[in-house]
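Here's the structure we're looking at; comments come further down.
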Amino acid sequence: MQSIGLLLVYMAMLHGQQALPVAERPYLRVHGQSTVSVEPDQLQFDIGVVTQANTAKEATDQNDSQSKSLIQQLQAAFPSASVKSINFSVNPNYRYPAQGPPTIVGYTSSNTVRLLLNDISKLQSVIDIAIKSGARSINRLTFTLQNENPVRAEAFAKAAEQAQAGAQALAASLKVRLGKLLNVEEGQPVIVSAPRQISFENLSSTDLAPISLGTIDVHADVNLTYEILQDADHPCENDISPANVPASK
């Protein structure tokens with residue numbers, strides 16, 4: 001998906017001057033933008049392990065045992081994946097009577113096991129392991145890119161090509177000649193669409209509907225500024241010669 005925006009055509013035509021400072025030379029500024037959509041090639045799971053017991057130690061010990069078991073299973077199934085434990089917590093459970101202060105009736109221990117996997121095809125296998133290990137939920141399933149740089153470069157290149165085409169079209173329409181490329185600038189920071197996230201609560205079955213991966217969109221903008229050439233004998237009249245646009249680097 002690509003779109004072209006052509007903004008701010010500025011022609012400063014000065015009479016009777018043989019040499020002009022760079023800042024006062026006639027110029028044409030064009031804007032190009034491009035969006036490149038690609039399928040994700042990496043997934044990140046945040047698997048929730050939750051245990052409850054009468055004491056904080058019991059809840060913590062049970063959670064630690066279950067979390068370690070889950071991590072071992074994931075590491076065995078996906079040796080090249082990154083697996084680690086994050087966001088551990090233990091909190092009291094309260095009962096709130098109609099009269100009097102609340103009382104502690106037990107403790108809940110929560111832990112998140114994070115898996116970063118570069119093989120999208122193993123998605124269902126991860127879910128199967130999580131459920132069979134006793135995990136209570138998949139807090140977040142995120143689809144991302146292992147390396148955004150090639151897609152960023154492609155988006156910039158296409159935006160620059162579109163800006164060049166726009167400059168040529170404008171020059172032909174306005175019957176002027178383009179000179180050298182004076183300036184290249186990024187219109188705005190490259191925008192990468194937010195990763196797709198899916199949550200599964202209260203996992204109880206491996207029989208899940210197919211999950212759509214979606215796409216990740218990388219958007220780039222560039223501004224190109226070209227010098228406008230004037231006829232030396234007739235500085236106020238513009239040559240109708242075809243535009244000679246230097247390649248953008």
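We name chains A, B, ... following the order of the structure tokens; residues begin at 1 in each chain, and ligands are numbered from 1 as shown.
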I need the residues of segment 63-227 of chain A that end up classed as strand (DSSP E) by DSSP on the backbone, written out as a ChimeraX atom specification. /A:82-95,103-117,137-144,177-192,196-200,216-227
Can you tell me which residues surround Val184 of chain A at a distance of at most 7 Å, considering only C-alpha atoms, apart from same-chain residues fewer than 5 positions away, and format the answer as a list of chain:residue names?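 Surrounding residues, per the criterion: A:Asn223, A:Leu224, A:Thr225.
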Just to be explicit: take each residue in the selection above, keep N, CA and C atoms, and write the result as a PDB file, in the first residue's frame.
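Wrote it out as out04.pdb, contents follow:
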ATOM      1  N   ASN A 223      11.254  14.105   2.485  1.00  0.00           N
ATOM      2  CA  ASN A 223      11.115  15.371   1.781  1.00  0.00           C
ATOM      3  C   ASN A 223      12.360  15.583   0.931  1.00  0.00           C
ATOM      4  N   LEU A 224      12.164  15.893  -0.338  1.00  0.00           N
ATOM      5  CA  LEU A 224      13.270  16.164  -1.247  1.00  0.00           C
ATOM      6  C   LEU A 224      13.175  17.609  -1.730  1.00  0.00           C
ATOM      7  N   THR A 225      14.294  18.294  -1.754  1.00  0.00           N
ATOM      8  CA  THR A 225      14.325  19.670  -2.237  1.00  0.00           C
ATOM      9  C   THR A 225      15.254  19.750  -3.444  1.00  0.00           C
TER      10      THR A 225
END
Write out as a PyMOL selection string the residues lying within 12 Å of segment 40-44 of chain A, counting only C-alpha atoms and excluding same-chain residues fewer than 6 positions away. chain A and resi 81-84+113-124+126-127+138-148+151+192-199+212-218
Pairwise distance, atom CA of Ala167 of chain A with atom CA of Ala153 of chain A, equals 21.1 Å
One decimal, in Å: what's the spacing between atom CA of Thr35 of chain A and atom CA of Glu185 of chain A?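 Distance between the two atoms: 17.2 Å.
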What's the 9 Å shell around Gln66 of chain A, counting only C-alpha atoms, without same-chain residues fewer than 5 positions away, as a ChimeraX atom specification? /A:49-51,61,71,133-135
For the residues in the current selection, export C-alpha atoms as a short mmCIF file (atom, residue, chain, number, x, y, z; two decimals), in the first residue's frame.
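Wrote selection.cif, looks like this:
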data_model
loop_
_atom_site.label_atom_id
_atom_site.label_comp_id
_atom_site.auth_asym_id
_atom_site.auth_seq_id
_atom_site.Cartn_x
_atom_site.Cartn_y
_atom_site.Cartn_z
CA VAL A 49 1.17 -19.28 36.17
CA VAL A 50 -1.11 -18.71 39.19
CA THR A 51 -1.21 -20.76 42.39
CA ASP A 61 6.67 -22.94 46.42
CA ILE A 71 10.10 -23.50 31.46
CA SER A 133 1.46 -27.70 32.20
CA GLY A 134 -1.41 -26.20 34.18
CA ALA A 135 -0.90 -22.57 33.15
#
Mind listing the alpha helix (DSSP H) residues of segment 35-140 of chain A, per DSSP on the backbone, as a PyMOL selection string? chain A and resi 56-77+123-132
Find the residues around Ala160 of chain A up to 10 Å (only C-alpha atoms counted), leave out those fewer than 6 positions away in its own chain, and share them as a PDB file with C-alpha atoms, in the first residue's frame.
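What landed in out11.pdb:
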ATOM      1  CA  VAL A  30       8.244  17.516  -2.621  1.00  0.00           C
ATOM      2  CA  HIS A  31       7.009  14.995  -0.107  1.00  0.00           C
ATOM      3  CA  GLY A  32       6.831  11.238  -0.601  1.00  0.00           C
ATOM      4  CA  GLN A  33       5.477   8.556   1.661  1.00  0.00           C
ATOM      5  CA  SER A  34       5.180   4.800   1.544  1.00  0.00           C
ATOM      6  CA  GLU A 154      12.358  -0.620   1.659  1.00  0.00           C
ATOM      7  CA  GLY A 166       6.331  13.735  -7.998  1.00  0.00           C
ATOM      8  CA  VAL A 184      16.952  15.105   1.692  1.00  0.00           C
ATOM      9  CA  GLU A 186      13.086  12.300   6.873  1.00  0.00           C
ATOM     10  CA  ALA A 220       8.187   6.185   6.039  1.00  0.00           C
ATOM     11  CA  ASP A 221       8.141   9.821   4.850  1.00  0.00           C
ATOM     12  CA  VAL A 222      10.820  11.788   3.004  1.00  0.00           C
ATOM     13  CA  ASN A 223      11.115  15.371   1.781  1.00  0.00           C
ATOM     14  CA  LEU A 224      13.270  16.164  -1.247  1.00  0.00           C
ATOM     15  CA  ALA A 247      19.124   9.895  -8.027  1.00  0.00           C
ATOM     16  CA  SER A 248      18.474   9.949  -4.283  1.00  0.00           C
ATOM     17  CA  LYS A 249      21.033   8.185  -2.172  1.00  0.00           C
TER      18      LYS A 249
END
Go ahead and compute the interatomic distance for atom CA of Thr55 of chain A and atom CA of Asn91 of chain A, in Å to one decimal.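 That distance, rounded to one decimal, is 10.1 Å.
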